[in-house]
Amino acid sequence: MSAGRPGSGVTVRVPAKVNAQLSVGAPRPDGFHDLANVFLAVGLYDEVTVTPAETLRVTCSGPDAGLVPLDGTNLAARAAVALAARHGISPDVHIHIAKDIPVAGGMAGGSADAAAALLACDTLWATGSTRDELLAICAELGSDVPFSLVGGAALGTGRGERLTPLPIRGTFHWVFAVADGGLSTPAVYGEFDRLTAGTDVPAPAAGEDVLRALRTGDAGALAVALTNDLQAAALSLRPELADTLAVGMSAGALAAVVSGSGPTTAFLVADRWSAEKAADELLMSGTCRSARVALAPAPGASVV
């Protein structure tokens, strides 16, 4: 990793994610679930800036900044602490998060900030960490954090933290409808467990149809293949999301899906014109707070 100038700040730009497939297994003894998680990084970004400080502190600006914890529970702060502990230094930095990824929206915003803070601190402190060392810390911080560092397209297995890069061709156009309020990821997984109790939950596996659609850049084929095993749980907790999904489909989307654990809903569309049309209709419907257009794939966390 490159080194920052002594005393200077470092800013890292990091993307949101959408799941082209989220296949969820039965709960494990440790409380997690095995996953087959086909990640796509999308062009909605947070920027995280770290500068030397007397002590570790976190600030945040942007949409829903008031919902972001600013204490030691913040994943970006935990990333700084973890990297500092590994290298025997004190995590005395000011971390500022400029939010644009929806908060608690199923797009890995907190995980993205953790990956960005980790890369920014590594650069600022010139620790010389390898990519594998950073990925190991990411995996300790959370299931989605490693992908936020890597970006592009990847298959996440285990609880999502073990990544295999995936070939992807061309550009996919997305619209994201941001709901009022958030959804707790643990609550959604808990609802998944309730809904699937007493059933035979199959072991998760990546669908060849999803992987082929990414390889060939076929948006129509990807639309048919999109799946999210957490969608039923998210809709059970937030039934009104079904209205948003229906509006997006009537506006011409090729496919509609709850993004991750929700409540953001994701719409795959054919092109930029279709994206703008769907975003306008979603916003006018009153079923969402905002509608955002983005492209995939996007690069992972990078110093700017």
# chains A, B, ... in the order shown; residues from 1 in each chain; ligands from 1
call {"tool": "residues_around", "arguments": {"residues": "A:His173", "least_positions_apart": "4", "cutoff": "9 Å", "atoms": "only C-alpha atoms", "output": "count of residues only"}}
result
13
call {"tool": "closest_atom_pairs", "arguments": {"of": "stretch 266-302 of chain A", "to": "stretch 151-154 of chain A", "cutoff": "12 Å", "atoms": "only C-alpha atoms", "output": "Markdown table"}}
result
| residue | atom | partner | partner_atom | distance |
| --- | --- | --- | --- | --- |
| A:Leu295 | CA | A:Gly152 | CA | 11.1 |
| A:Ala296 | CA | A:Gly152 | CA | 7.8 |
| A:Pro297 | CA | A:Gly152 | CA | 5.1 |
| A:Ala298 | CA | A:Gly152 | CA | 5.4 |
| A:Pro299 | CA | A:Gly151 | CA | 4.9 |
| A:Gly300 | CA | A:Gly151 | CA | 3.5 |
| A:Ala301 | CA | A:Gly151 | CA | 7.0 |
| A:Ser302 | CA | A:Gly151 | CA | 9.8 |
call {"tool": "residues_around", "arguments": {"residues": "A:Asp122", "least_positions_apart": "2", "cutoff": "10 Å", "atoms": "only C-alpha atoms", "output": "list in words"}}
result
Met1, Ser2, Ala3, Gly4, Val10, Ala80, Leu83, Ala84, Ala116, Ala117, Leu118, Leu119, Ala120, Leu124, Trp125, Ala126, Thr127, Gly128, Ser129, Thr130 and Leu134 of chain A
call {"tool": "closest_residue", "arguments": {"among": "A:Pro146, A:Gly181, A:Pro186, A:Gly207", "to": "A:Lys17", "atoms": "only C-alpha atoms"}}
result
A:Pro146
call {"tool": "select_by_dssp", "arguments": {"residues": "stretch 84-197 of chain A", "states": "helix (DSSP H, G or I)", "output": "ChimeraX atom specification"}}
result
/A:84-87,109-125,131-141,145-150,185-196
call {"tool": "atom_distance", "arguments": {"atom1": "atom CA of A:Asp229", "atom2": "atom CA of A:Ala251"}}
result
24.1 Å
call {"tool": "select_by_dssp", "arguments": {"residues": "stretch 231-299 of chain A", "states": "strand (DSSP E or B)", "output": "tab-separated table (two decimals) with N, CA, C and O atoms, in the first residue's frame"}}
result
chain	number	residue	atom	x	y	z
A	255	ALA	N	-36.03	-6.37	-13.76
A	255	ALA	CA	-36.18	-7.19	-12.55
A	255	ALA	C	-36.13	-6.28	-11.34
A	255	ALA	O	-35.55	-5.18	-11.38
A	256	ALA	N	-36.76	-6.74	-10.26
A	256	ALA	CA	-36.78	-6.00	-9.02
A	256	ALA	C	-36.45	-6.95	-7.88
A	256	ALA	O	-36.91	-8.09	-7.86
A	257	VAL	N	-35.67	-6.47	-6.91
A	257	VAL	CA	-35.27	-7.32	-5.81
A	257	VAL	C	-34.96	-6.43	-4.61
A	257	VAL	O	-34.54	-5.27	-4.76
A	258	VAL	N	-35.20	-6.93	-3.41
A	258	VAL	CA	-34.74	-6.25	-2.21
A	258	VAL	C	-33.22	-6.36	-2.18
A	258	VAL	O	-32.65	-7.42	-2.46
A	265	THR	N	-34.59	-1.12	-2.26
A	265	THR	CA	-34.96	-2.05	-3.33
A	265	THR	C	-34.17	-1.70	-4.58
A	265	THR	O	-33.88	-0.53	-4.84
A	266	ALA	N	-33.79	-2.75	-5.33
A	266	ALA	CA	-32.90	-2.59	-6.48
A	266	ALA	C	-33.62	-3.03	-7.75
A	266	ALA	O	-34.31	-4.05	-7.76
A	267	PHE	N	-33.44	-2.26	-8.81
A	267	PHE	CA	-34.10	-2.52	-10.08
A	267	PHE	C	-33.05	-2.55	-11.19
A	267	PHE	O	-32.33	-1.58	-11.39
A	268	LEU	N	-32.97	-3.68	-11.85
A	268	LEU	CA	-32.08	-3.81	-13.01
A	268	LEU	C	-32.84	-3.34	-14.24
A	268	LEU	O	-33.97	-3.77	-14.48
A	269	VAL	N	-32.23	-2.43	-15.00
A	269	VAL	CA	-32.89	-1.86	-16.16
A	269	VAL	C	-32.00	-2.01	-17.39
A	269	VAL	O	-30.82	-2.36	-17.28
A	290	SER	N	-36.15	8.34	-1.92
A	290	SER	CA	-35.34	8.81	-3.04
A	290	SER	C	-35.07	7.64	-3.97
A	290	SER	O	-35.25	6.48	-3.60
A	291	ALA	N	-34.68	7.96	-5.20
A	291	ALA	CA	-34.36	6.94	-6.19
A	291	ALA	C	-33.05	7.33	-6.85
A	291	ALA	O	-32.90	8.44	-7.36
A	292	ARG	N	-32.10	6.42	-6.85
A	292	ARG	CA	-30.75	6.70	-7.30
A	292	ARG	C	-30.39	5.81	-8.48
A	292	ARG	O	-30.67	4.60	-8.46
A	293	VAL	N	-29.74	6.38	-9.46
A	293	VAL	CA	-29.27	5.65	-10.63
A	293	VAL	C	-27.78	5.36	-10.47
A	293	VAL	O	-27.02	6.23	-10.05
A	294	ALA	N	-27.35	4.14	-10.78
A	294	ALA	CA	-25.94	3.78	-10.65
A	294	ALA	C	-25.58	2.68	-11.63
A	294	ALA	O	-26.45	1.92	-12.08
A	295	LEU	N	-24.30	2.60	-11.93
A	295	LEU	CA	-23.76	1.59	-12.83
A	295	LEU	C	-22.96	0.55	-12.06
A	295	LEU	O	-22.39	0.84	-11.00
A	296	ALA	N	-22.91	-0.65	-12.60
A	296	ALA	CA	-22.07	-1.71	-12.05
A	296	ALA	C	-21.34	-2.39	-13.22
A	296	ALA	O	-21.90	-2.46	-14.32
A	299	PRO	N	-15.16	0.06	-9.12
A	299	PRO	CA	-13.92	-0.35	-8.43
A	299	PRO	C	-14.10	-0.34	-6.93
A	299	PRO	O	-14.99	0.33	-6.39
call {"tool": "closest_residue", "arguments": {"among": "A:Ala114, A:Val18, A:Met249, A:Leu35", "to": "A:Trp174", "atoms": "only C-alpha atoms"}}
result
A:Val18
call {"tool": "closest_residue", "arguments": {"among": "A:Pro239, A:Gly158, A:Pro165, A:Gly260", "to": "A:Ser184", "atoms": "only C-alpha atoms"}}
result
A:Gly260
call {"tool": "residues_around", "arguments": {"residues": "stretch 93-109 of chain A", "least_positions_apart": "6", "cutoff": "6 Å", "atoms": "only C-alpha atoms", "output": "tab-separated table (two decimals) with N, CA, C and O atoms, in the first residue's frame"}}
result
chain	number	residue	atom	x	y	z
A	16	ALA	N	-20.87	1.24	-2.86
A	16	ALA	CA	-21.94	0.39	-2.32
A	16	ALA	C	-21.92	-0.94	-3.05
A	16	ALA	O	-21.15	-1.15	-4.00
A	17	LYS	N	-22.78	-1.85	-2.60
A	17	LYS	CA	-22.89	-3.14	-3.30
A	17	LYS	C	-24.35	-3.49	-3.49
A	17	LYS	O	-25.25	-3.02	-2.78
A	44	LEU	N	-22.38	4.09	-6.27
A	44	LEU	CA	-22.78	5.02	-5.20
A	44	LEU	C	-21.67	4.94	-4.17
A	44	LEU	O	-21.31	3.83	-3.75
A	45	TYR	N	-21.14	6.07	-3.75
A	45	TYR	CA	-19.89	6.05	-2.98
A	45	TYR	C	-19.99	6.83	-1.68
A	45	TYR	O	-20.65	7.87	-1.60
A	46	ASP	N	-19.30	6.33	-0.66
A	46	ASP	CA	-18.92	7.12	0.50
A	46	ASP	C	-17.45	7.52	0.34
A	46	ASP	O	-16.69	6.82	-0.35
A	47	GLU	N	-17.08	8.63	0.96
A	47	GLU	CA	-15.66	9.01	1.04
A	47	GLU	C	-15.28	9.13	2.52
A	47	GLU	O	-15.99	9.77	3.30
A	48	VAL	N	-14.20	8.47	2.88
A	48	VAL	CA	-13.71	8.46	4.26
A	48	VAL	C	-12.34	9.12	4.29
A	48	VAL	O	-11.43	8.70	3.55
A	49	THR	N	-12.20	10.14	5.13
A	49	THR	CA	-10.93	10.86	5.26
A	49	THR	C	-10.39	10.66	6.66
A	49	THR	O	-11.13	10.83	7.65
A	50	VAL	N	-9.13	10.28	6.76
A	50	VAL	CA	-8.48	10.16	8.07
A	50	VAL	C	-7.34	11.16	8.14
A	50	VAL	O	-6.59	11.34	7.18
A	51	THR	N	-7.24	11.83	9.29
A	51	THR	CA	-6.16	12.78	9.54
A	51	THR	C	-5.63	12.54	10.95
A	51	THR	O	-6.36	12.07	11.83
A	52	PRO	N	-4.36	12.84	11.18
A	52	PRO	CA	-3.81	12.67	12.53
A	52	PRO	C	-4.59	13.50	13.54
A	52	PRO	O	-5.07	14.60	13.23
A	53	ALA	N	-4.74	12.97	14.75
A	53	ALA	CA	-5.51	13.65	15.79
A	53	ALA	C	-4.92	13.28	17.16
A	53	ALA	O	-4.08	12.39	17.27
A	56	LEU	N	-8.70	9.10	18.91
A	56	LEU	CA	-9.60	8.60	17.88
A	56	LEU	C	-10.97	9.27	18.00
A	56	LEU	O	-11.58	9.26	19.07
A	57	ARG	N	-11.46	9.83	16.90
A	57	ARG	CA	-12.82	10.37	16.89
A	57	ARG	C	-13.39	10.20	15.50
A	57	ARG	O	-12.67	10.11	14.50
A	58	VAL	N	-14.73	10.16	15.44
A	58	VAL	CA	-15.46	9.95	14.19
A	58	VAL	C	-16.48	11.06	14.01
A	58	VAL	O	-17.20	11.41	14.95
A	59	THR	N	-16.54	11.61	12.80
A	59	THR	CA	-17.60	12.54	12.43
A	59	THR	C	-18.21	12.05	11.12
A	59	THR	O	-17.63	11.23	10.41
A	60	CYS	N	-19.40	12.57	10.82
A	60	CYS	CA	-20.10	12.11	9.63
A	60	CYS	C	-20.96	13.23	9.07
A	60	CYS	O	-21.54	14.02	9.83
A	61	SER	N	-21.04	13.30	7.75
A	61	SER	CA	-21.90	14.26	7.07
A	61	SER	C	-22.62	13.56	5.93
A	61	SER	O	-22.24	12.46	5.52
A	62	GLY	N	-23.68	14.19	5.42
A	62	GLY	CA	-24.41	13.62	4.30
A	62	GLY	C	-25.76	13.08	4.71
A	62	GLY	O	-26.18	13.19	5.87
A	182	GLY	N	-34.55	2.30	8.34
A	182	GLY	CA	-33.67	1.20	7.99
A	182	GLY	C	-34.25	-0.13	8.41
A	182	GLY	O	-35.36	-0.22	8.93
A	183	LEU	N	-33.48	-1.18	8.15
A	183	LEU	CA	-33.81	-2.51	8.63
A	183	LEU	C	-32.56	-3.10	9.27
A	183	LEU	O	-31.47	-3.02	8.69
A	259	SER	N	-32.55	-5.25	-1.89
A	259	SER	CA	-31.09	-5.25	-1.85
A	259	SER	C	-30.60	-5.78	-0.51
A	259	SER	O	-30.82	-5.15	0.52
A	260	GLY	N	-29.94	-6.94	-0.52
A	260	GLY	CA	-29.42	-7.51	0.71
A	260	GLY	C	-30.53	-7.72	1.73
A	260	GLY	O	-31.56	-8.32	1.44
A	261	SER	N	-30.31	-7.19	2.93
A	261	SER	CA	-31.32	-7.31	3.98
A	261	SER	C	-32.35	-6.18	3.93
A	261	SER	O	-33.23	-6.12	4.78
A	262	GLY	N	-32.24	-5.29	2.93
A	262	GLY	CA	-33.19	-4.20	2.77
A	262	GLY	C	-32.93	-3.07	3.76
A	262	GLY	O	-31.99	-3.11	4.54
A	263	PRO	N	-33.81	-2.05	3.72
A	263	PRO	CA	-35.04	-1.94	2.93
A	263	PRO	C	-34.88	-1.29	1.55
A	263	PRO	O	-35.87	-1.07	0.87
A	264	THR	N	-33.64	-0.97	1.15
A	264	THR	CA	-33.46	-0.46	-0.21
A	264	THR	C	-33.89	-1.54	-1.21
A	264	THR	O	-33.60	-2.72	-1.01
call {"tool": "atom_distance", "arguments": {"atom1": "atom CA of A:Phe176", "atom2": "atom CA of A:Pro202"}}
result
29.2 Å
call {"tool": "atom_distance", "arguments": {"atom1": "atom CA of A:Lys277", "atom2": "atom CA of A:Asn19"}}
result
22.5 Å
call {"tool": "residues_around", "arguments": {"residues": "stretch 166-168 of chain A", "least_positions_apart": "4", "cutoff": "12 Å", "atoms": "only C-alpha atoms", "output": "VMD selection string"}}
result
chain A and resid 20 37 to 41 147 150 to 156 172 206 208 210 to 219 222 296 to 298
call {"tool": "closest_atom_pairs", "arguments": {"of": "stretch 161-259 of chain A", "to": "stretch 137-143 of chain A", "cutoff": "12 Å", "atoms": "only C-alpha atoms", "output": "Markdown table"}}
result
| residue | atom | partner | partner_atom | distance |
| --- | --- | --- | --- | --- |
| A:Glu161 | CA | A:Ser143 | CA | 4.7 |
| A:Arg162 | CA | A:Ala139 | CA | 8.0 |
| A:Leu163 | CA | A:Ala139 | CA | 10.1 |
| A:Thr185 | CA | A:Ser143 | CA | 11.6 |
call {"tool": "write_last_selection", "arguments": {"atoms": "C-alpha atoms", "output": "compact mmCIF listing (two decimals), in the first residue's frame"}}
result
# COMPACT_ATOMS: atom_id res chain seq x y z
CA GLU A 161 -16.11 -13.04 3.68
CA ARG A 162 -14.27 -15.60 1.50
CA LEU A 163 -14.08 -14.01 -1.94
CA THR A 185 -29.63 -7.07 9.37
call {"tool": "closest_residue", "arguments": {"among": "A:Gln21, A:Thr73, A:Ser8, A:Arg13", "to": "A:Val304", "atoms": "only C-alpha atoms"}}
result
A:Arg13
call {"tool": "closest_residue", "arguments": {"among": "A:Val24, A:Arg238, A:Leu254, A:Arg194", "to": "A:Ala225", "atoms": "only C-alpha atoms"}}
result
A:Leu254
